[in-house]
file run.txt (compact mmCIF, C-alpha atoms)
# COMPACT_ATOMS: atom_id res chain seq x y z
CA MET A 1 -25.78 -15.71 -12.14
CA LYS A 2 -25.53 -14.49 -8.54
CA LYS A 3 -24.63 -17.05 -5.91
CA THR A 4 -25.84 -17.16 -2.30
CA LEU A 5 -24.49 -19.46 0.41
CA LEU A 6 -26.61 -20.41 3.44
CA ILE A 7 -24.51 -21.62 6.38
CA ILE A 8 -27.09 -23.42 8.55
CA ASN A 9 -26.66 -24.61 12.13
CA SER A 10 -29.54 -27.05 12.52
CA MET A 11 -29.06 -27.24 16.32
CA ALA A 12 -29.58 -23.52 16.91
CA GLY A 13 -32.55 -22.23 18.88
CA ASN A 14 -35.29 -24.82 19.21
CA GLY A 15 -33.50 -27.27 16.93
CA HIS A 16 -36.10 -26.98 14.14
CA ILE A 17 -34.37 -24.47 11.89
CA ALA A 18 -33.49 -27.23 9.41
CA ASP A 19 -37.23 -27.70 8.80
CA TYR A 20 -37.24 -24.31 7.08
CA THR A 21 -34.35 -25.01 4.72
CA TYR A 22 -36.58 -25.50 1.68
CA ASP A 23 -38.49 -22.31 2.55
CA PHE A 24 -35.22 -20.38 2.73
CA ILE A 25 -34.19 -21.67 -0.68
CA SER A 26 -37.61 -21.00 -2.18
CA HIS A 27 -37.74 -17.42 -0.87
CA LEU A 28 -34.18 -16.51 -1.79
CA THR A 29 -34.06 -18.10 -5.24
CA THR A 30 -35.22 -15.30 -7.51
CA GLY A 31 -34.26 -14.40 -11.05
CA ASP A 32 -30.66 -15.34 -11.67
CA ASN A 33 -29.88 -16.11 -8.01
CA MET A 34 -28.69 -19.61 -7.09
CA VAL A 35 -28.70 -20.80 -3.46
CA THR A 36 -26.27 -23.32 -1.98
CA VAL A 37 -26.69 -24.78 1.54
CA PHE A 38 -23.77 -25.68 3.80
CA PRO A 39 -24.86 -27.52 6.97
CA ILE A 40 -22.81 -27.15 10.14
CA GLU A 41 -22.58 -30.76 11.28
CA PRO A 42 -19.56 -31.54 13.53
CA GLU A 43 -19.41 -35.20 12.49
CA SER A 44 -19.87 -34.64 8.76
CA GLY A 45 -16.22 -34.05 7.94
CA LEU A 46 -17.22 -31.06 5.79
CA ASP A 47 -14.72 -28.19 5.82
CA LEU A 48 -16.36 -24.78 5.47
CA SER A 49 -13.06 -22.99 4.86
CA GLU A 50 -12.14 -25.28 1.97
CA PHE A 51 -15.65 -25.05 0.54
CA LEU A 52 -15.56 -21.26 0.51
CA LYS A 53 -12.22 -21.34 -1.26
CA SER A 54 -13.61 -23.58 -3.98
CA GLU A 55 -16.56 -21.32 -4.82
CA ARG A 56 -17.11 -17.58 -5.13
CA PHE A 57 -20.33 -16.26 -3.60
CA ASP A 58 -22.02 -12.88 -3.92
CA THR A 59 -23.79 -13.30 -0.56
CA VAL A 60 -22.92 -15.43 2.48
CA ILE A 61 -25.67 -15.87 5.09
CA GLY A 62 -25.34 -17.35 8.57
CA VAL A 63 -28.49 -19.12 9.80
CA GLY A 64 -28.40 -19.90 13.52
CA GLY A 65 -27.36 -18.16 16.73
CA ASP A 66 -24.73 -15.52 17.38
CA GLY A 67 -22.07 -18.25 17.50
CA THR A 68 -23.02 -19.34 13.98
CA PHE A 69 -22.76 -15.77 12.78
CA ASN A 70 -19.38 -15.41 14.48
CA ARG A 71 -18.12 -18.37 12.49
CA THR A 72 -19.61 -16.89 9.33
CA ILE A 73 -17.78 -13.56 9.66
CA ASN A 74 -14.49 -15.26 10.52
CA GLU A 75 -14.73 -17.39 7.40
CA VAL A 76 -15.66 -14.39 5.24
CA MET A 77 -12.74 -12.36 6.56
CA LYS A 78 -10.34 -15.06 5.32
CA LEU A 79 -11.47 -14.60 1.72
CA ASP A 80 -9.62 -12.59 -0.90
CA TYR A 81 -12.90 -10.99 -1.97
CA SER A 82 -15.77 -9.36 -0.06
CA PRO A 83 -19.22 -10.94 -0.38
CA VAL A 84 -22.24 -9.27 1.22
CA VAL A 85 -22.95 -10.88 4.60
CA GLY A 86 -26.42 -11.76 5.90
CA TYR A 87 -27.79 -13.17 9.14
CA ILE A 88 -31.02 -15.07 9.75
CA PRO A 89 -31.27 -15.30 13.57
CA ALA A 90 -32.39 -18.67 14.92
CA GLY A 91 -30.57 -18.85 18.25
CA THR A 92 -31.65 -18.41 21.86
CA THR A 93 -30.81 -14.78 22.64
CA ASN A 94 -29.80 -13.37 19.22
CA ASP A 95 -28.13 -10.30 20.72
CA PHE A 96 -26.37 -9.30 17.55
CA SER A 97 -29.47 -9.50 15.34
CA ARG A 98 -31.10 -6.77 17.44
CA ASN A 99 -28.39 -4.37 16.30
CA LEU A 100 -29.50 -4.89 12.71
CA GLY A 101 -33.26 -4.93 13.31
CA LEU A 102 -33.50 -8.52 12.10
CA VAL A 103 -36.36 -10.92 12.84
CA THR A 104 -36.66 -14.63 13.55
CA ASP A 105 -39.72 -15.32 11.37
CA PRO A 106 -38.31 -17.22 8.33
CA ASP A 107 -40.53 -15.48 5.76
CA GLU A 108 -39.82 -11.99 7.06
CA ALA A 109 -36.12 -12.77 7.53
CA CYS A 110 -35.80 -13.89 3.90
CA GLU A 111 -37.62 -10.78 2.69
CA ILE A 112 -35.09 -8.62 4.53
CA ILE A 113 -32.28 -10.56 2.85
CA ARG A 114 -33.91 -10.11 -0.56
CA GLN A 115 -34.20 -6.34 -0.06
CA ARG A 116 -30.41 -6.32 0.34
CA ASN A 117 -30.19 -3.08 2.30
CA THR A 118 -26.55 -3.06 3.42
CA VAL A 119 -24.29 -1.06 5.71
CA SER A 120 -20.51 -1.10 6.20
CA TYR A 121 -20.17 -2.63 9.65
CA ASP A 122 -17.35 -2.61 12.22
CA LEU A 123 -15.80 -5.79 13.60
CA GLY A 124 -13.44 -6.36 16.49
CA LEU A 125 -10.12 -8.16 15.97
CA PHE A 126 -9.08 -10.20 19.02
CA ASN A 127 -5.56 -11.42 18.21
CA ASP A 128 -6.30 -13.47 15.07
CA SER A 129 -10.08 -13.87 15.57
CA TYR A 130 -12.89 -11.51 14.67
CA PHE A 131 -16.01 -10.86 16.72
CA ALA A 132 -19.18 -9.03 15.79
CA TYR A 133 -20.43 -7.64 19.07
CA VAL A 134 -18.62 -8.69 22.25
CA ALA A 135 -15.45 -10.18 23.71
CA SER A 136 -15.86 -10.75 27.44
CA PHE A 137 -14.20 -12.36 30.45
CA GLY A 138 -14.87 -13.02 34.11
CA ALA A 139 -17.88 -13.93 36.21
CA VAL A 140 -20.80 -15.49 34.27
CA SER A 141 -19.21 -14.68 30.90
CA SER A 142 -18.99 -18.44 30.32
CA VAL A 143 -22.75 -18.93 30.78
CA SER A 144 -23.58 -18.60 27.08
CA TYR A 145 -21.30 -21.44 25.97
CA SER A 146 -21.50 -23.60 29.13
CA THR A 147 -25.31 -23.80 29.00
CA ASP A 148 -26.13 -26.96 27.07
CA GLN A 149 -28.15 -26.69 23.86
CA ALA A 150 -31.05 -28.78 25.20
CA SER A 151 -31.56 -26.34 28.09
CA LYS A 152 -31.40 -23.38 25.69
CA ASN A 153 -34.00 -25.01 23.45
CA ILE A 154 -36.41 -25.72 26.32
CA LEU A 155 -35.95 -22.67 28.53
CA GLY A 156 -34.70 -20.02 26.13
CA PHE A 157 -33.08 -17.02 27.81
CA SER A 158 -34.20 -18.37 31.20
CA ALA A 159 -31.54 -21.05 30.78
CA TYR A 160 -28.83 -18.40 30.90
CA ILE A 161 -30.29 -16.80 34.01
CA PHE A 162 -30.69 -20.15 35.77
CA ASN A 163 -27.19 -21.28 34.88
CA GLY A 164 -25.80 -17.92 35.93
CA LEU A 165 -27.38 -18.27 39.38
CA THR A 166 -25.61 -21.60 39.86
CA LEU A 167 -22.33 -19.75 39.37
CA LEU A 168 -22.85 -17.42 42.35
CA PRO A 169 -19.79 -18.83 44.19
CA GLU A 170 -17.75 -18.12 41.04
CA ILE A 171 -19.05 -14.54 40.94
CA LEU A 172 -18.02 -13.94 44.53
CA SER A 173 -14.56 -15.46 44.08
CA ALA A 174 -13.76 -14.24 40.55
CA LYS A 175 -10.47 -12.40 40.35
CA CYS A 176 -9.04 -11.63 36.93
CA HIS A 177 -5.94 -9.46 37.04
CA LEU A 178 -5.56 -7.35 33.92
CA LYS A 179 -3.18 -4.73 32.64
CA ILE A 180 -4.72 -2.76 29.78
CA GLU A 181 -2.79 -0.27 27.68
CA VAL A 182 -5.24 2.07 25.94
CA ASP A 183 -4.99 5.68 24.72
CA ASP A 184 -1.49 6.15 26.18
CA GLU A 185 -2.83 5.11 29.58
CA ILE A 186 -2.35 1.94 31.63
CA ILE A 187 -5.32 0.52 33.51
CA GLU A 188 -4.51 -2.28 35.93
CA GLY A 189 -6.38 -4.14 38.63
CA ASP A 190 -8.45 -7.14 39.67
CA TYR A 191 -11.79 -7.43 37.89
CA LEU A 192 -15.01 -9.43 38.26
CA PHE A 193 -16.02 -8.94 34.66
CA GLY A 194 -14.99 -7.12 31.53
CA ALA A 195 -16.10 -6.70 27.94
CA ILE A 196 -15.09 -5.03 24.70
CA ALA A 197 -18.41 -4.50 22.95
CA ASN A 198 -20.06 -2.98 19.91
CA SER A 199 -23.70 -3.72 20.56
CA LEU A 200 -26.99 -2.22 21.67
CA SER A 201 -27.55 -5.19 23.99
CA VAL A 202 -25.52 -7.91 25.66
CA ALA A 203 -27.09 -11.06 27.15
CA GLY A 204 -30.50 -9.59 26.45
CA PHE A 205 -29.91 -6.32 28.35
CA ARG A 206 -30.25 -3.05 26.44
CA ILE A 207 -27.33 -0.56 26.66
CA ASN A 208 -29.26 2.70 26.66
CA THR A 209 -26.22 4.93 26.20
CA LEU A 210 -25.71 3.71 22.61
CA SER A 211 -27.50 4.28 19.31
CA THR A 212 -27.22 2.52 15.96
CA LYS A 213 -24.77 5.15 14.72
CA ASP A 214 -22.34 4.02 17.43
CA LEU A 215 -22.15 0.60 15.77
CA ILE A 216 -20.47 1.96 12.64
CA ASP A 217 -18.28 4.75 14.08
CA GLY A 218 -15.03 2.77 14.26
CA GLU A 219 -15.10 2.63 18.06
CA PHE A 220 -15.91 -0.12 20.57
CA GLU A 221 -16.85 0.23 24.24
CA LEU A 222 -14.58 -1.02 27.01
CA PHE A 223 -16.58 -2.07 30.06
CA LEU A 224 -14.84 -3.24 33.26
CA VAL A 225 -16.20 -4.16 36.69
CA ARG A 226 -13.49 -3.90 39.33
CA ARG A 227 -13.53 -6.55 42.07
CA PRO A 228 -14.77 -4.89 45.27
CA GLU A 229 -13.05 -5.46 48.58
CA HIS A 230 -16.36 -6.30 50.24
CA PHE A 231 -18.99 -8.67 48.85
CA GLN A 232 -21.79 -6.44 50.11
CA ASP A 233 -20.84 -3.95 47.38
CA ILE A 234 -21.82 -6.41 44.62
CA PRO A 235 -25.62 -5.73 44.73
CA GLY A 236 -24.96 -2.01 44.28
CA ILE A 237 -22.72 -2.73 41.29
CA ALA A 238 -25.41 -4.96 39.78
CA VAL A 239 -28.04 -2.22 40.18
CA SER A 240 -25.74 0.29 38.49
CA ILE A 241 -25.21 -2.05 35.56
CA LEU A 242 -28.94 -2.71 35.13
CA ASN A 243 -29.61 1.04 35.24
CA ASN A 244 -26.80 1.84 32.79
CA ASP A 245 -25.21 3.99 35.50
CA PHE A 246 -21.49 3.97 34.79
CA THR A 247 -20.61 6.50 37.52
CA ASN A 248 -20.19 3.68 40.05
CA PRO A 249 -16.54 3.77 41.23
CA TYR A 250 -16.19 0.05 40.54
CA ILE A 251 -17.16 0.45 36.87
CA GLU A 252 -14.85 1.60 34.08
CA TYR A 253 -16.48 2.60 30.78
CA ARG A 254 -14.92 4.27 27.76
CA HIS A 255 -14.75 4.26 23.96
CA ILE A 256 -11.68 2.63 22.42
CA THR A 257 -10.28 1.79 19.00
CA SER A 258 -7.41 -0.44 20.16
CA ALA A 259 -5.93 -1.93 23.30
CA ARG A 260 -3.15 -4.21 24.47
CA ILE A 261 -4.19 -6.51 27.30
CA THR A 262 -2.01 -8.66 29.53
CA THR A 263 -3.60 -11.13 31.93
CA ASP A 264 -3.06 -14.48 33.60
CA ALA A 265 -3.81 -17.87 32.08
CA ASN A 266 -6.85 -18.32 34.33
CA THR A 267 -8.77 -15.59 32.51
CA GLN A 268 -11.11 -17.22 29.99
CA TRP A 269 -12.74 -15.20 27.22
CA THR A 270 -15.88 -15.54 25.15
CA LEU A 271 -16.25 -14.12 21.64
CA ASP A 272 -19.86 -13.48 20.63
CA GLY A 273 -20.95 -15.98 23.27
CA GLU A 274 -18.56 -18.75 22.15
CA TYR A 275 -15.47 -19.95 24.00
CA GLY A 276 -12.52 -17.73 23.05
CA GLY A 277 -9.68 -19.40 24.96
CA ASN A 278 -7.42 -18.03 27.69
CA PRO A 279 -4.65 -16.03 25.98
CA THR A 280 -2.32 -14.14 28.32
CA GLU A 281 -1.60 -11.41 25.77
CA ILE A 282 -4.30 -9.84 23.61
CA GLU A 283 -4.09 -7.29 20.86
CA PHE A 284 -7.48 -5.71 20.19
CA ARG A 285 -8.28 -3.49 17.23
CA ALA A 286 -11.55 -2.08 15.92
CA VAL A 287 -11.77 -2.78 12.19
CA HIS A 288 -13.86 0.02 10.73
CA SER A 289 -16.25 -0.93 7.90
CA ALA A 290 -14.91 -4.49 7.90
CA ILE A 291 -17.90 -6.12 6.20
CA SER A 292 -20.91 -5.16 4.11
CA ILE A 293 -23.86 -6.56 6.04
CA ILE A 294 -27.60 -6.71 5.36
CA THR A 295 -29.71 -4.75 7.82
CA ASN A 296 -33.34 -3.78 8.38
CA ARG A 297 -32.46 -0.59 10.19
CA SER A 298 -31.32 2.90 9.26
CA MET A 299 -27.82 3.56 10.55

call {"tool": "encode", "arguments": {"input": "run.txt", "output": "structure tokens"}}
result
Amino acid sequence: MKKTLLIINSMAGNGHIADYTYDFISHLTTGDNMVTVFPIEPESGLDLSEFLKSERFDTVIGVGGDGTFNRTINEVMKLDYSPVVGYIPAGTTNDFSRNLGLVTDPDEACEIIRQRNTVSYDLGLFNDSYFAYVASFGAVSSVSYSTDQASKNILGFSAYIFNGLTLLPEILSAKCHLKIEVDDEIIEGDYLFGAIANSLSVAGFRINTLSTKDLIDGEFELFLVRRPEHFQDIPGIAVSILNNDFTNPYIEYRHITSARITTDANTQWTLDGEYGGNPTEIEFRAVHSAISIITNRSM
């Protein structure tokens, strides 16, 4: 009998995803398939790591936002076997799900899971933590985890934009000093923002220079915005970013497979939109074909 685990974050998105739990079970329970549900409830005392060690699953599915999926892949990567990984998006922006062509409708999402079309997918290793699509630092990178869940539920993506506007003083004063060793080259300077990404979109914005094949090629994209000397240069930088114009002298963009980063303790990181701490030394590595993941898209 095949076993499927649903890891459900009931607070994701509009907070009603738990209402569909029975539907998920009903849709996914076919033939000799047995479904188990693990709820993410901070006060429950339930330990997902210990639970996964006590059972062996053929498929592990994260149900929630990108943060829920980030937790799912990190738990799966601890295992001594390799279950197929699935994602039913139920968050606010669901950046990562766009890479896989996934949908938020519960019935359609379950049908995609049942079809079990998989691809070997790359993950990023950030010291000891994995991320699926982005590790970022600097101005407004904290918006995704500092925006409270109630605001996300009511306003959706507008909550991120609104909260980002309140951080304008932070944008203007941001100064993260980084030294990055990559491809036998040292990049060093003061930056407003930076990201190591493997995604077709970040924070809802499409990256037009990438295609789905780039998501499984063993490379990630390094994206840096150097801090300008004059604040009046910031609008021009923003326009370049929105237009996917990486020729702006304040923007650094390249493909990488590994990097060593040294920074100060004031530089806070996010991993897939969740708080990633403020390490002063970071070892990044692209892990090619790290997981077998269910997709609705040819890659």

call {"tool": "closest_residue", "arguments": {"input": "run.txt", "among": "A:Ile256, A:Leu123, A:Ile234, A:Cys110", "to": "Val182 of chain A", "atoms": "all atoms listed in the file"}}
result
A:Ile256

call {"tool": "axis_aligned_box", "arguments": {"input": "run.txt", "around": "segment 100-111 of chain A", "padding_each_side": "8 Å", "output": "lines of an AutoDock Vina configuration file"}}
result
center_x = -35.0
center_y = -11.1
center_z = 8.1
size_x = 27.0
size_y = 28.3
size_z = 26.9

call {"tool": "closest_residue", "arguments": {"input": "run.txt", "among": "A:Ile7, A:Gly138, A:Ser240, A:Asn33", "to": "Tyr87 of chain A", "atoms": "only C-alpha atoms"}}
result
A:Ile7

call {"tool": "residues_around", "arguments": {"input": "run.txt", "residues": "Glu185 of chain A", "least_positions_apart": "3", "cutoff": "12 Å", "atoms": "only C-alpha atoms", "output": "list in words"}}
result
Lys179, Ile180, Glu181, Val182, Glu188, Ile256, Ser258, Ala259, Arg260 and Ile261 of chain A

call {"tool": "closest_residue", "arguments": {"input": "run.txt", "among": "A:Glu111, A:Glu50, A:Asp66, A:Asp19", "to": "Thr295 of chain A", "atoms": "all atoms listed in the file"}}
result
A:Glu111

call {"tool": "atom_distance", "arguments": {"input": "run.txt", "atom1": "atom CA of His288 of chain A", "atom2": "atom CA of Tyr121 of chain A"}}
result
6.9 Å

call {"tool": "decode", "arguments": {"input": "run.txt", "residues": "segment 53-80 of chain A", "atoms": "C-alpha atoms", "output": "compact mmCIF listing (two decimals), in the first residue's frame"}}
result
# COMPACT_ATOMS: atom_id res chain seq x y z
CA LYS A 53 11.25 9.22 11.07
CA SER A 54 8.58 6.91 12.47
CA GLU A 55 6.85 6.33 9.12
CA ARG A 56 7.97 5.80 5.54
CA PHE A 57 5.98 7.67 2.90
CA ASP A 58 5.93 7.33 -0.88
CA THR A 59 4.74 10.94 -1.33
CA VAL A 60 5.07 13.98 0.95
CA ILE A 61 2.89 16.99 0.08
CA GLY A 62 3.09 20.49 1.53
CA VAL A 63 -0.27 22.30 1.68
CA GLY A 64 0.08 26.02 2.39
CA GLY A 65 2.30 28.89 1.29
CA ASP A 66 5.90 28.94 0.12
CA GLY A 67 7.05 28.89 3.75
CA THR A 68 5.15 25.65 4.32
CA PHE A 69 6.76 24.14 1.25
CA ASN A 70 10.19 25.30 2.45
CA ARG A 71 9.64 23.39 5.67
CA THR A 72 8.47 20.37 3.70
CA ILE A 73 11.62 20.16 1.55
CA ASN A 74 13.90 20.67 4.55
CA GLU A 75 12.22 17.80 6.36
CA VAL A 76 12.38 15.56 3.28
CA MET A 77 16.08 16.28 2.77
CA LYS A 78 16.78 14.92 6.27
CA LEU A 79 15.39 11.50 5.38
CA ASP A 80 17.49 8.49 4.43
